[in-house]
Structures are given as structure tokens and as C-alpha cells.
Amino acid sequence: MSPEVVNAANVLELRGLRVTFGSGRHEVSVVHGVDLNVARGEIVGVVGESGSGKTLTAMAATDLLPSGARRDATTWAFDGTDLLGADHKGRAVALGGKLGVVFQDPMSSLNPARRVGTQLSDTSRFWGRRSRSEAHGDAVDRLRRVRIAAPERRVDDYPHEFSGGMRQRVMIAMGLMVTPALIVADEPTTALDVTVQADVMALLRELNEEEGTAVLLVSHNIALVAEVCHRVVVMYAGRIVEELAASDLAIGARHPYTRALIGSVPTLDADLSQPLPAIGGSPPDPANLPVGCAFADRCPLVTDRCRAERPELVDGVACWEVS
Ligand SMILES: Nc1ncnc2c1ncn2[C@@H]1O[C@H](COP(=O)(O)OP(=O)(O)O)[C@@H](O)[C@H]1O
Ligand code: SF4
Ligand SMILES: [Mg+2]
């Protein structure tokens with residue numbers, strides 16, 4: 001199948017994304033036909049409980065899926081380049097230097113045997129074509145930007161000499177070594193204390209406002225996403241169930257799942273004229289999804305139709321009762 005026409009206004013364009021593990025009888029799909037665009041200069045949040053498919057969607061978008069995971073899509077384009085038709089090397093060239101990624105678990109991404117500054121500089125030398133001394137200066141600058149104290153000295157330290165929170169910030173610095181068109185950050189502040197978390201979010205906002213860098217922010221924290229993002233995509237059981245402007249979250253959310261997520265955060269002002277049930281139960285097993293709406297077992301509005309037929313995303317919401 002030939003790819004659909006790429007919209008140049010989008011830095012990332014994904015259509016019909018599926019992520020599957022195993023094969024034959026053991027095949028399990030965990031992302032089921034996700035359409036996700038990030039426009040240039042836009043901050044998009046992907047939110048949902050643990051296991052909803054946020055990380056695998058972000059990994060599929062950035063060509064970082066773990067081995068064993070298979071990606072299918074009808075469109076996958078980055079910065080105007082079709083990636084579906086490209087081989088691994090072609091994709092690396094298209095993404096390298098224009099994509100910053102910050103995933104969880106910085107220890108597995110940082111080489112313990114090399115100084116942090118060297119690891120940062122490599123990116124800048126390779127993709128930014130900077131000289132050794134320019135790249136060293138870039139590394140110090142980026143460490144300063146992620147609020148590492150005494151960056152001139154810390155640049156020579158090894159990863160184990162940093163605390164967990166600092167390593168996470170070093171990972172963010174790594175994503176900023178070139179000026180990316182898009183930063184994909186997956187739970188970038190989950191391990192950090194509140195002050196540092198606010199600093200990191202302020203940094204993402206600053207980069208977005210000053211450099212026009214688009215951001216795809218993956219988080220289970222709907223309050224954080226509401227504060228930082230322009231647009232929010234809500235995932236449940238591997239599907240997008242609602243998509244809306246962040247400014248509409250507090251009073252404009254329609255999907256019962258989104259409303260339950262909002263209701264679980266006391267600081268988000270929700271429209272109290274509508275019931276906001278606490279979110280009981282847990283998401284379904286991906287290997288054993290119900291035929292109808294995946295949220296049915298937890299939903300206060302469930303009807304017989306919900307159990308029999310799965311609602312598609314129409315006008316930003318996938319729900320029989322509120323669309
Ligand atoms: N390596 C793997 N093998 C099999 N299933 C996996 C693997 N990684 C993740 N999954 C499953 O895929 C689903 C989505 O995972 P993930 O994208 O990590 O969710 P989230 O980031 O929203 O917490 C989960 O049900 C998870 O158990
Ligand atoms: S389709 Fe039905 S079960 Fe699913 S969220 Fe809407 S009302 Fe609830
Ligand atoms: Mg995750």
C-alpha cells in the first residue's frame with residue numbers, strides 16, 4: 001500500500017498504528033490503530049493509566065520499539081519524510097539530529113563507562129557537525145539548562161556519580177544537544193521531586209516557545225499534561241478514546257474515562273454539575289479484550305450496546321453515550 005500524502009504542517013504524522021507482540025496463536029496487539037499527529041511548534045500530551053500503550057506508541061513513533069514488537073501503520077512520517085518506505089538506515093538519517101528522545105530508565109540509555117560530557121558531545125559532533133571544543137561547550141550549556149549545578153565540573157563525571165533525578169536531567173540534556181524539531185519525552189519527570197519536575201517542564205515550555213520545538217509528552221499524570229500541553233490525547237487499552245485541547249480538559253472532557261482521570265485529581269477544576277466517579281477496577285488484559293468498549297466494566301454509563309459494539313473515535317471522542 002502506498003503511504004498517504006504527508007502533511008508538511010505536521011512534524012510527526014502517524015496513521016493506523018498497530019503494535020503487536022508474538023505471532024500466530026500467541027499474537028497480542030497492544031496498540032490498535034492509533035492516529036497521532038504533532039504539528040510544528042505544538043506540545044501534545046499522551047495520557048492514560050499504566051499499560052494503556054503510551055510508551056509503545058512513543059517508541060513506535062521514534063523507531064525505538066523493543067525487539068519482539070512489530071509495528072504496522074498506514075502513514076508514518078517525520079519532518080516531511082516518509083519513514084514507512086525507508087529502511088533502518090534511512091530512518092536513522094531522517095530522525096537523527098532532528099528528534100530528541102527522553103525515555104524512562106536513564107541508566108540503560110547512558111553508558112556507565114563513559115563520562116557524561118563525552119556522551120553528550122558525541123551527539124552534537126555527529127549530528128550537529130560541531131568541533132570537539134564546540135561540542136564540549138554545548139554539553140556544558142545543556143547541563144546548565146537542565147539545572148545541573150557546576151556544569152563545567154560535572155561534565156567530566158560518570159553517570160553513577162549523578163543521583164537518579166540528575167541522570168534523568170542528563171537524559172533530557174542529551175535530547176537537547178541538537179535543536180530538535182520534536183522532543184518525545186516519556187514520563188520524563190516521574191522519578192523527580194516536585195521542584196525539579198517543575199524546572200524540567202519549564203524547560204520544555206521554554207524550548208517550545210523560543211525554538212519552536214514540538215513536544216510529545218507521555219505521562220500518566222493528567223494534571224501535569226493539562227498544565228504543559230496544547231492538546232491532549234487520552235489512551236485506554238491501546239486506543240485513543242478522546243482528543244481535546246488541554247484548555248478544555250477541566251470542563252470540556254466528555255469521555256467517562258477522561259472524566260474519571262480528571263476526577264481523581266483534586267487540583268483540576270472539573271465541572272461538578274456532572275458526576276465524576278472515582279476510577280475503580282483495572283484495565284482489561286490486552287490478550288483478552290472485550291468485543292465492545294474496553295472501558296465497559298468500569299464505566300458508570302455502560303449500556304448493552306457498549307458491551308456489544310466498540311465505539312470508534314468520532315469528533316474527538318470514542319463513546320456511544322457522549323458523542
Ligand atoms: N515487551 C513486551 N512484551 C509483551 N507485552 C508488552 C511488552 N511491553 C509492553 N507490553 C504490554 O503492552 C501494553 C502497553 O504497554 P506500554 O506502552 O508500556 O503502556 P504505558 O506506557 O501506557 O504504561 C501493556 O499491556 C504491556 O503489558
Ligand atoms: S461506550 Fe459505553 S462503556 Fe464505553 S465509555 Fe462510553 S458509555 Fe462507557
Ligand atoms: Mg509507559
# chains A, B, ... in the order shown; residues from 1 in each chain; ligands from 1
$ residues_near_ligand --ligand "ligand 2" --cutoff "10 Å" --atoms "only C-alpha atoms and all ligand atoms" --output "number ranges by chain"
A: 241, 254-258, 292-312, 317-323
$ write_last_selection --atoms "N, CA and C atoms" --output "CSV table (one decimal), in the first residue's frame"
chain,number,residue,atom,x,y,z
A,241,VAL,N,-9.2,7.3,23.1
A,241,VAL,CA,-10.6,7.4,23.4
A,241,VAL,C,-11.1,8.8,23.4
A,254,ARG,N,-15.4,14.8,27.7
A,254,ARG,CA,-16.6,14.1,27.5
A,254,ARG,C,-16.5,12.6,27.9
A,255,HIS,N,-15.5,12.0,27.5
A,255,HIS,CA,-15.4,10.5,27.7
A,255,HIS,C,-15.4,10.2,29.2
A,256,PRO,N,-16.2,9.2,29.6
A,256,PRO,CA,-16.2,8.9,31.1
A,256,PRO,C,-14.8,8.5,31.6
A,257,TYR,N,-14.0,8.0,30.8
A,257,TYR,CA,-12.6,7.6,31.3
A,257,TYR,C,-11.8,8.9,31.6
A,258,THR,N,-11.9,9.8,30.6
A,258,THR,CA,-11.1,11.1,30.8
A,258,THR,C,-11.7,11.8,32.1
A,292,GLY,N,-16.9,-5.2,22.8
A,292,GLY,CA,-17.4,-3.9,22.8
A,292,GLY,C,-16.4,-2.8,23.3
A,293,CYS,N,-16.9,-1.9,24.0
A,293,CYS,CA,-16.0,-0.8,24.6
A,293,CYS,C,-15.1,-1.4,25.7
A,294,ALA,N,-13.8,-1.2,25.6
A,294,ALA,CA,-12.9,-1.7,26.6
A,294,ALA,C,-13.0,-1.2,28.0
A,295,PHE,N,-13.8,0.0,28.1
A,295,PHE,CA,-14.0,0.6,29.4
A,295,PHE,C,-15.2,0.1,30.0
A,296,ALA,N,-16.0,-0.7,29.4
A,296,ALA,CA,-17.4,-1.1,29.8
A,296,ALA,C,-17.4,-1.5,31.3
A,297,ASP,N,-16.5,-2.4,31.7
A,297,ASP,CA,-16.6,-2.9,33.0
A,297,ASP,C,-16.4,-1.9,34.1
A,298,ARG,N,-15.9,-0.7,33.7
A,298,ARG,CA,-15.6,0.3,34.8
A,298,ARG,C,-16.5,1.5,34.6
A,299,CYS,N,-17.3,1.5,33.6
A,299,CYS,CA,-18.0,2.7,33.2
A,299,CYS,C,-19.4,2.9,33.9
A,300,PRO,N,-19.6,4.1,34.5
A,300,PRO,CA,-20.9,4.3,35.1
A,300,PRO,C,-22.1,4.5,34.1
A,301,LEU,N,-21.7,4.7,32.8
A,301,LEU,CA,-22.8,5.0,31.8
A,301,LEU,C,-23.0,3.8,30.9
A,302,VAL,N,-22.4,2.6,31.2
A,302,VAL,CA,-22.4,1.5,30.3
A,302,VAL,C,-23.9,1.0,30.0
A,303,THR,N,-24.1,0.7,28.7
A,303,THR,CA,-25.3,0.1,28.2
A,303,THR,C,-25.1,-1.2,27.5
A,304,ASP,N,-26.1,-1.9,27.1
A,304,ASP,CA,-26.0,-3.1,26.4
A,304,ASP,C,-25.2,-2.9,25.1
A,305,ARG,N,-25.5,-1.8,24.4
A,305,ARG,CA,-24.8,-1.5,23.2
A,305,ARG,C,-23.3,-1.4,23.4
A,306,CYS,N,-22.9,-0.8,24.5
A,306,CYS,CA,-21.4,-0.7,24.8
A,306,CYS,C,-20.7,-2.0,24.8
A,307,ARG,N,-21.4,-3.0,25.4
A,307,ARG,CA,-20.8,-4.3,25.5
A,307,ARG,C,-20.8,-5.1,24.2
A,308,ALA,N,-21.7,-4.7,23.3
A,308,ALA,CA,-21.8,-5.4,22.0
A,308,ALA,C,-21.0,-4.8,20.9
A,309,GLU,N,-20.8,-3.5,20.9
A,309,GLU,CA,-20.2,-2.8,19.8
A,309,GLU,C,-19.1,-1.9,20.3
A,310,ARG,N,-18.0,-1.8,19.6
A,310,ARG,CA,-16.9,-0.9,20.1
A,310,ARG,C,-17.1,0.4,19.4
A,311,PRO,N,-17.1,1.5,20.2
A,311,PRO,CA,-17.2,2.8,19.6
A,311,PRO,C,-15.9,3.3,19.0
A,312,GLU,N,-16.0,3.9,17.8
A,312,GLU,CA,-14.9,4.5,17.1
A,312,GLU,C,-14.7,5.9,17.6
A,317,VAL,N,-14.1,11.9,20.3
A,317,VAL,CA,-14.4,11.0,21.4
A,317,VAL,C,-14.9,9.6,20.9
A,318,ALA,N,-14.5,8.6,21.6
A,318,ALA,CA,-15.0,7.2,21.3
A,318,ALA,C,-15.9,6.7,22.4
A,319,CYS,N,-17.1,7.1,22.3
A,319,CYS,CA,-18.1,6.6,23.3
A,319,CYS,C,-19.5,6.8,22.8
A,320,TRP,N,-20.3,5.7,23.0
A,320,TRP,CA,-21.7,5.7,22.5
A,320,TRP,C,-22.5,6.7,23.2
A,321,GLU,N,-22.3,6.9,24.5
A,321,GLU,CA,-23.2,7.7,25.3
A,321,GLU,C,-22.9,9.2,25.2
A,322,VAL,N,-21.8,9.7,24.9
A,322,VAL,CA,-21.5,11.1,25.0
A,322,VAL,C,-21.1,11.7,23.6
A,323,SER,N,-21.1,11.0,22.5
A,323,SER,CA,-20.7,11.6,21.3
A,323,SER,C,-21.8,12.3,20.6
$ closest_atom_pairs --of "chain A" --to "ligand 1" --cutoff "10 Å" --atoms "only C-alpha atoms and all ligand atoms" --output "tab-separated table"
residue	atom	partner	partner_atom_place_in_ligand_line	distance
A:Val19	CA	ligand 1	12 (O)	8.5
A:Thr20	CA	ligand 1	5 (N)	8.3
A:Phe21	CA	ligand 1	4 (C)	5.8
A:Gly22	CA	ligand 1	4 (C)	8.0
A:Glu27	CA	ligand 1	4 (C)	9.8
A:Val28	CA	ligand 1	5 (N)	7.8
A:Ser29	CA	ligand 1	12 (O)	7.9
A:Val30	CA	ligand 1	12 (O)	5.0
A:Val31	CA	ligand 1	14 (C)	7.2
A:Val46	CA	ligand 1	22 (O)	8.8
A:Val47	CA	ligand 1	22 (O)	7.8
A:Gly48	CA	ligand 1	22 (O)	6.2
A:Glu49	CA	ligand 1	22 (O)	6.0
A:Ser50	CA	ligand 1	23 (O)	3.5
A:Gly51	CA	ligand 1	19 (O)	3.5
A:Ser52	CA	ligand 1	22 (O)	3.8
A:Gly53	CA	ligand 1	17 (O)	3.2
A:Lys54	CA	ligand 1	22 (O)	3.7
A:Thr55	CA	ligand 1	21 (O)	3.6
A:Leu56	CA	ligand 1	17 (O)	3.8
A:Thr57	CA	ligand 1	17 (O)	6.3
A:Ala58	CA	ligand 1	17 (O)	7.9
A:Met59	CA	ligand 1	17 (O)	8.2
A:Ala60	CA	ligand 1	17 (O)	9.6
A:Leu65	CA	ligand 1	1 (N)	8.9
A:Pro66	CA	ligand 1	1 (N)	6.5
A:Ser67	CA	ligand 1	1 (N)	7.7
A:Gly68	CA	ligand 1	1 (N)	6.9
A:Ala69	CA	ligand 1	1 (N)	6.9
A:Gln104	CA	ligand 1	21 (O)	9.9
A:Asp186	CA	ligand 1	21 (O)	8.0
A:Glu187	CA	ligand 1	21 (O)	8.6
A:Val218	CA	ligand 1	21 (O)	7.9
A:Ser219	CA	ligand 1	21 (O)	8.1
A:His220	CA	ligand 1	22 (O)	7.5
A:Met235	CA	ligand 1	22 (O)	7.7
A:Tyr236	CA	ligand 1	22 (O)	8.2
A:Ala237	CA	ligand 1	25 (O)	7.6
A:Gly238	CA	ligand 1	14 (C)	6.8
A:Pro283	CA	ligand 1	25 (O)	8.9
A:Pro284	CA	ligand 1	25 (O)	8.6
A:Asp285	CA	ligand 1	25 (O)	6.8
A:Pro286	CA	ligand 1	25 (O)	5.7
A:Ala287	CA	ligand 1	25 (O)	8.5
$ residues_around --residues "Leu36 (chain A)" --least-positions-apart "4" --cutoff "12 Å" --atoms "only C-alpha atoms" --output "ChimeraX atom specification"
/A:10-18,44-46,54,57-58,60-61,73-78,216,231-235,239-240,242-243
$ write_last_selection --atoms "C-alpha atoms" --output "mmCIF file, in the first residue's frame"
data_model
loop_
_atom_site.group_PDB
_atom_site.id
_atom_site.type_symbol
_atom_site.label_atom_id
_atom_site.label_comp_id
_atom_site.auth_asym_id
_atom_site.auth_seq_id
_atom_site.Cartn_x
_atom_site.Cartn_y
_atom_site.Cartn_z
ATOM 1 C CA ASN A 10 2.999 18.091 10.977
ATOM 2 C CA VAL A 11 6.406 17.229 12.336
ATOM 3 C CA LEU A 12 5.086 13.774 13.204
ATOM 4 C CA GLU A 13 2.311 12.001 11.386
ATOM 5 C CA LEU A 14 1.169 8.515 12.298
ATOM 6 C CA ARG A 15 -1.928 6.767 10.993
ATOM 7 C CA GLY A 16 -3.318 3.365 11.718
ATOM 8 C CA LEU A 17 -0.501 2.482 14.112
ATOM 9 C CA ARG A 18 -0.644 -1.041 15.487
ATOM 10 C CA VAL A 44 0.863 17.218 22.611
ATOM 11 C CA GLY A 45 0.277 15.148 25.720
ATOM 12 C CA VAL A 46 -0.492 11.432 25.697
ATOM 13 C CA LYS A 54 1.536 5.178 25.631
ATOM 14 C CA THR A 57 3.155 4.328 20.750
ATOM 15 C CA ALA A 58 6.021 6.724 21.518
ATOM 16 C CA ALA A 60 6.942 3.117 17.510
ATOM 17 C CA ALA A 61 6.896 6.796 16.506
ATOM 18 C CA ALA A 73 0.914 1.689 10.097
ATOM 19 C CA THR A 74 -0.620 3.244 7.006
ATOM 20 C CA THR A 75 1.306 6.517 7.442
ATOM 21 C CA TRP A 76 4.461 7.236 9.386
ATOM 22 C CA ALA A 77 6.253 10.456 8.556
ATOM 23 C CA PHE A 78 8.686 12.707 10.349
ATOM 24 C CA LEU A 216 5.195 14.800 22.527
ATOM 25 C CA ARG A 231 -3.520 19.327 23.017
ATOM 26 C CA VAL A 232 -4.172 16.090 24.856
ATOM 27 C CA VAL A 233 -4.698 12.567 23.603
ATOM 28 C CA VAL A 234 -6.218 10.114 26.085
ATOM 29 C CA MET A 235 -5.373 6.431 25.621
ATOM 30 C CA ARG A 239 -6.702 3.074 21.652
ATOM 31 C CA ILE A 240 -7.290 6.803 21.659
ATOM 32 C CA GLU A 242 -10.563 11.166 23.464
ATOM 33 C CA GLU A 243 -8.613 14.002 21.925
#
$ closest_residue --among "A:Ile148, A:Val102, A:Met177, A:Val228" --to "ligand 3" --atoms "only C-alpha atoms and all ligand atoms"
A:Val102
$ atom_distance --atom1 "CA of Arg145 (chain A)" --atom2 "CA of Phe162 (chain A)"
16.1 Å
$ select_by_dssp --residues "region 39-180 of chain A" --states "helix (DSSP H, G or I)" --output "NGL selection string"
:A and (54-61 or 88-95 or 106-109 or 116-127 or 132-145 or 151-154 or 159-161 or 164-175)
$ write_last_selection --atoms "C-alpha atoms" --output "compact mmCIF listing (two decimals), in the first residue's frame"
# COMPACT_ATOMS: atom_id res chain seq x y z
CA LYS A 54 1.54 5.18 25.63
CA THR A 55 5.18 4.08 25.72
CA LEU A 56 4.85 1.62 22.83
CA THR A 57 3.15 4.33 20.75
CA ALA A 58 6.02 6.72 21.52
CA MET A 59 8.60 4.02 20.79
CA ALA A 60 6.94 3.12 17.51
CA ALA A 61 6.90 6.80 16.51
CA HIS A 88 16.54 1.29 9.05
CA LYS A 89 19.42 3.47 7.86
CA GLY A 90 17.12 5.85 6.00
CA ARG A 91 15.01 6.24 9.11
CA ALA A 92 18.09 6.90 11.25
CA VAL A 93 19.19 9.66 8.89
CA ALA A 94 15.71 11.20 8.82
CA LEU A 95 15.37 11.15 12.62
CA PRO A 106 18.25 6.72 32.08
CA MET A 107 20.76 4.16 33.37
CA SER A 108 20.03 1.85 30.46
CA SER A 109 20.49 4.66 27.97
CA VAL A 116 28.58 12.21 30.70
CA GLY A 117 30.14 15.11 28.78
CA THR A 118 31.61 12.79 26.16
CA GLN A 119 28.28 11.08 25.63
CA LEU A 120 26.56 14.43 25.23
CA SER A 121 29.24 15.79 22.90
CA ASP A 122 29.09 12.76 20.60
CA THR A 123 25.55 13.65 19.57
CA SER A 124 26.47 17.22 18.87
CA ARG A 125 29.64 16.30 16.95
CA PHE A 126 27.93 13.68 14.87
CA TRP A 127 24.56 15.23 14.10
CA ARG A 132 35.30 18.83 19.71
CA SER A 133 35.57 22.09 21.67
CA GLU A 134 32.24 23.44 20.38
CA ALA A 135 30.57 20.17 21.34
CA HIS A 136 32.12 20.36 24.82
CA GLY A 137 30.72 23.89 25.18
CA ASP A 138 27.31 22.62 24.03
CA ALA A 139 27.40 19.87 26.66
CA VAL A 140 28.14 22.34 29.47
CA ASP A 141 25.40 24.65 28.19
CA ARG A 142 22.78 21.87 28.06
CA LEU A 143 23.69 20.62 31.54
CA ARG A 144 23.25 24.17 32.79
CA ARG A 145 19.87 24.38 31.05
CA PRO A 151 28.17 22.02 34.85
CA GLU A 152 31.79 22.85 33.91
CA ARG A 153 32.90 20.34 36.52
CA ARG A 154 30.04 17.82 36.30
CA PRO A 159 26.70 8.51 35.14
CA HIS A 160 26.96 6.73 38.53
CA GLU A 161 28.22 9.97 40.08
CA GLY A 164 18.67 9.32 39.80
CA GLY A 165 16.96 12.69 39.30
CA MET A 166 20.14 14.21 37.89
CA ARG A 167 20.59 11.31 35.47
CA GLN A 168 17.08 11.95 34.21
CA ARG A 169 18.04 15.57 33.59
CA VAL A 170 21.23 14.45 31.84
CA MET A 171 19.00 12.37 29.54
CA ILE A 172 16.97 15.47 28.80
CA ALA A 173 20.18 17.39 28.12
CA MET A 174 21.12 14.61 25.68
CA GLY A 175 17.84 15.11 23.84
$ closest_residue --among "A:Val38, A:Phe103, A:Leu204, A:Val215" --to "ligand 3" --atoms "only C-alpha atoms and all ligand atoms"
A:Phe103
$ closest_residue --among "A:Leu99, A:Leu64, A:Ala113, A:Ala149" --to "Pro180 (chain A)" --atoms "only C-alpha atoms"
A:Leu99
$ atom_distance --atom1 "CA of Asp157 (chain A)" --atom2 "CA of Arg115 (chain A)"
5.4 Å
$ decode --residues "region 216-249 of chain A" --atoms "C-alpha atoms" --output "PDB file, in the first residue's frame"
ATOM      1  CA  LEU A 216       5.195  14.800  22.527  1.00  0.00           C
ATOM      2  CA  LEU A 217       4.855  14.402  26.276  1.00  0.00           C
ATOM      3  CA  VAL A 218       3.808  10.984  27.537  1.00  0.00           C
ATOM      4  CA  SER A 219       2.572  10.897  31.109  1.00  0.00           C
ATOM      5  CA  HIS A 220       0.134   9.107  33.395  1.00  0.00           C
ATOM      6  CA  ASN A 221      -0.261  12.463  35.174  1.00  0.00           C
ATOM      7  CA  ILE A 222      -3.223  14.318  33.724  1.00  0.00           C
ATOM      8  CA  ALA A 223      -2.652  17.417  35.873  1.00  0.00           C
ATOM      9  CA  LEU A 224       0.868  17.785  34.505  1.00  0.00           C
ATOM     10  CA  VAL A 225      -0.277  17.267  30.939  1.00  0.00           C
ATOM     11  CA  ALA A 226      -3.115  19.776  31.386  1.00  0.00           C
ATOM     12  CA  GLU A 227      -0.641  22.386  32.541  1.00  0.00           C
ATOM     13  CA  VAL A 228       2.066  21.944  29.941  1.00  0.00           C
ATOM     14  CA  CYS A 229       0.360  20.821  26.722  1.00  0.00           C
ATOM     15  CA  HIS A 230      -1.661  22.478  23.986  1.00  0.00           C
ATOM     16  CA  ARG A 231      -3.520  19.327  23.017  1.00  0.00           C
ATOM     17  CA  VAL A 232      -4.172  16.090  24.856  1.00  0.00           C
ATOM     18  CA  VAL A 233      -4.698  12.567  23.603  1.00  0.00           C
ATOM     19  CA  VAL A 234      -6.218  10.114  26.085  1.00  0.00           C
ATOM     20  CA  MET A 235      -5.373   6.431  25.621  1.00  0.00           C
ATOM     21  CA  TYR A 236      -7.159   3.439  27.059  1.00  0.00           C
ATOM     22  CA  ALA A 237      -6.385  -0.214  26.302  1.00  0.00           C
ATOM     23  CA  GLY A 238      -4.268   0.635  23.253  1.00  0.00           C
ATOM     24  CA  ARG A 239      -6.702   3.074  21.652  1.00  0.00           C
ATOM     25  CA  ILE A 240      -7.290   6.803  21.659  1.00  0.00           C
ATOM     26  CA  VAL A 241     -10.582   7.376  23.449  1.00  0.00           C
ATOM     27  CA  GLU A 242     -10.563  11.166  23.464  1.00  0.00           C
ATOM     28  CA  GLU A 243      -8.613  14.002  21.925  1.00  0.00           C
ATOM     29  CA  LEU A 244      -9.104  17.605  23.013  1.00  0.00           C
ATOM     30  CA  ALA A 245      -7.448  20.967  23.658  1.00  0.00           C
ATOM     31  CA  ALA A 246      -5.704  20.999  27.030  1.00  0.00           C
ATOM     32  CA  SER A 247      -7.664  24.124  27.929  1.00  0.00           C
ATOM     33  CA  ASP A 248     -10.895  22.091  27.515  1.00  0.00           C
ATOM     34  CA  LEU A 249      -9.829  19.298  29.868  1.00  0.00           C
TER      35      LEU A 249
END
